[in-house]
Amino acid sequence: MPAISTGAGTRAPIRSPFLTVAAAWLVPGLGHFLLGRKVRAAILFVAVLVAFITGVMMHGPLFQPDGAQGDVLSRIIQIGGFIGDLSSGLMYLLAVWSGYAPPDQASHNADYGSKFIVLAGLLNLLAMVDAYEIATRQKE
Amino acid sequence: MWNLDHFEVSVLFAILASAVLGLVTKRTDRERIRYGLYCFGCFMAALFCIGWFMKLLHG
């Protein structure tokens with residue numbers, strides 16, 4: 001497989017940017033791993049995993065795309081939250097497929113948990129953008 | 001079920017967000033560590049400032 005020099009003393013295999021982003025979405029850190037950034041991949045994976053597990057262990061409810069009702073602000077929050085949840089990739093899919101659906105109850109713990117699940121997705125979104133920039137050689 | 005208070009979840013949030021922000025925004029390892037610590041410090045400063053502000057506001 002051909003390899004390029006990143007200029008930082010490391011050699012990264014050439015990958016399709018879109019496949020890299022897809023891999024980065026599915027498994028946090030996988031995009032960086034495929035590009036040869038293994039330490040960064042491990043840190044990203046652990047950060048997203050800890051955020052997601054914290055959210056689940058606090059029984060944070062997932063945002064539902066069909067739950068977007070009410071005024072404009074409520075819809076933006078619901079849809080934005082759903083996009084955030086979905087950005088966790090396989091973790092979100094596994095949670096949905098395993099039937100994880102705690103009730104949306106009024107408690108500070110569930111509220112924090114819900115935000116942590118969104119945080120996991122948003123952190124993974126940052127990682128996906130970073131992986132894309134590395135794959136397109138905009139950064140090392 | 002985990003039962004964390006506001007301070008604990010805020011510190012955890014700050015650690016995770018700082019680590020990723022430092023990792024994805026800078027180009028060298030030294031810059032990443034410095035920026036991660038800077039972000040963590042900013043989160044903590046905001047946490048304590050807003051916390052004290054709310055305490056003074058509400059008594």
# chains A, B, ... in the order shown; residues from 1 in each chain; ligands from 1

call {"tool": "interface_residues", "arguments": {"of": "chain B", "to": "chain A", "cutoff": "10 Å", "atoms": "only C-alpha atoms", "output": "mmCIF file with C-alpha atoms, in the first residue's frame"}}
result
data_model
loop_
_atom_site.group_PDB
_atom_site.id
_atom_site.type_symbol
_atom_site.label_atom_id
_atom_site.label_comp_id
_atom_site.auth_asym_id
_atom_site.auth_seq_id
_atom_site.Cartn_x
_atom_site.Cartn_y
_atom_site.Cartn_z
ATOM 1 C CA MET B 1 -27.712 4.060 37.948
ATOM 2 C CA TRP B 2 -24.957 6.582 38.498
ATOM 3 C CA ASN B 3 -25.837 9.525 40.674
ATOM 4 C CA LEU B 4 -23.381 12.360 40.049
ATOM 5 C CA ASP B 5 -23.851 15.910 41.282
ATOM 6 C CA HIS B 6 -23.534 19.029 39.171
ATOM 7 C CA VAL B 9 -20.544 16.076 35.826
ATOM 8 C CA SER B 10 -19.140 19.538 35.079
ATOM 9 C CA LEU B 12 -16.063 15.249 33.749
ATOM 10 C CA PHE B 13 -17.482 17.315 30.904
ATOM 11 C CA ILE B 15 -11.976 16.832 31.017
ATOM 12 C CA LEU B 16 -13.557 15.113 28.013
ATOM 13 C CA ALA B 17 -14.213 18.280 26.023
ATOM 14 C CA SER B 18 -10.730 19.685 26.755
ATOM 15 C CA ALA B 19 -9.026 16.462 25.690
ATOM 16 C CA VAL B 20 -10.831 16.360 22.349
ATOM 17 C CA LEU B 21 -10.549 20.103 21.690
ATOM 18 C CA LEU B 23 -6.459 16.944 20.146
ATOM 19 C CA VAL B 24 -8.291 18.165 17.061
ATOM 20 C CA THR B 25 -7.357 21.838 16.938
ATOM 21 C CA LYS B 26 -3.563 21.942 17.224
ATOM 22 C CA ARG B 27 -0.733 20.591 15.128
ATOM 23 C CA THR B 28 1.983 19.490 17.549
#

call {"tool": "select_by_dssp", "arguments": {"residues": "chain A", "states": "strand (DSSP E)", "output": "PDB file with C-alpha atoms, in the first residue's frame"}}
result
ATOM      1  CA  ALA A   3       2.221   5.761   1.981  1.00  0.00           C
ATOM      2  CA  ILE A   4       2.799   9.486   2.291  1.00  0.00           C
ATOM      3  CA  SER A   5       4.988  11.422   4.644  1.00  0.00           C
ATOM      4  CA  ARG A  11       3.755   7.852   7.614  1.00  0.00           C
ATOM      5  CA  ALA A  12       0.031   7.604   6.964  1.00  0.00           C
ATOM      6  CA  PRO A  13      -1.536   5.347   4.368  1.00  0.00           C
TER       7      PRO A  13
END

call {"tool": "select_by_dssp", "arguments": {"residues": "chain A", "states": "helix (DSSP H, G or I)", "output": "PyMOL selection string"}}
result
chain A and resi 17-26+30-34+38-57+65-67+72-86+90-97+108-135

call {"tool": "atom_distance", "arguments": {"atom1": "CA of Ala14 (chain B)", "atom2": "CA of Ala46 (chain B)"}}
result
10.5 Å

call {"tool": "atom_distance", "arguments": {"atom1": "CA of Pro103 (chain A)", "atom2": "CA of Ser88 (chain A)"}}
result
20.3 Å

call {"tool": "closest_residue", "arguments": {"among": "A:Leu125, A:Tyr92, A:Gln138, A:Asp71", "to": "Gly31 (chain A)", "atoms": "only C-alpha atoms"}}
result
A:Leu125

call {"tool": "atom_distance", "arguments": {"atom1": "CA of Leu93 (chain A)", "atom2": "CA of Lys38 (chain A)"}}
result
24.3 Å
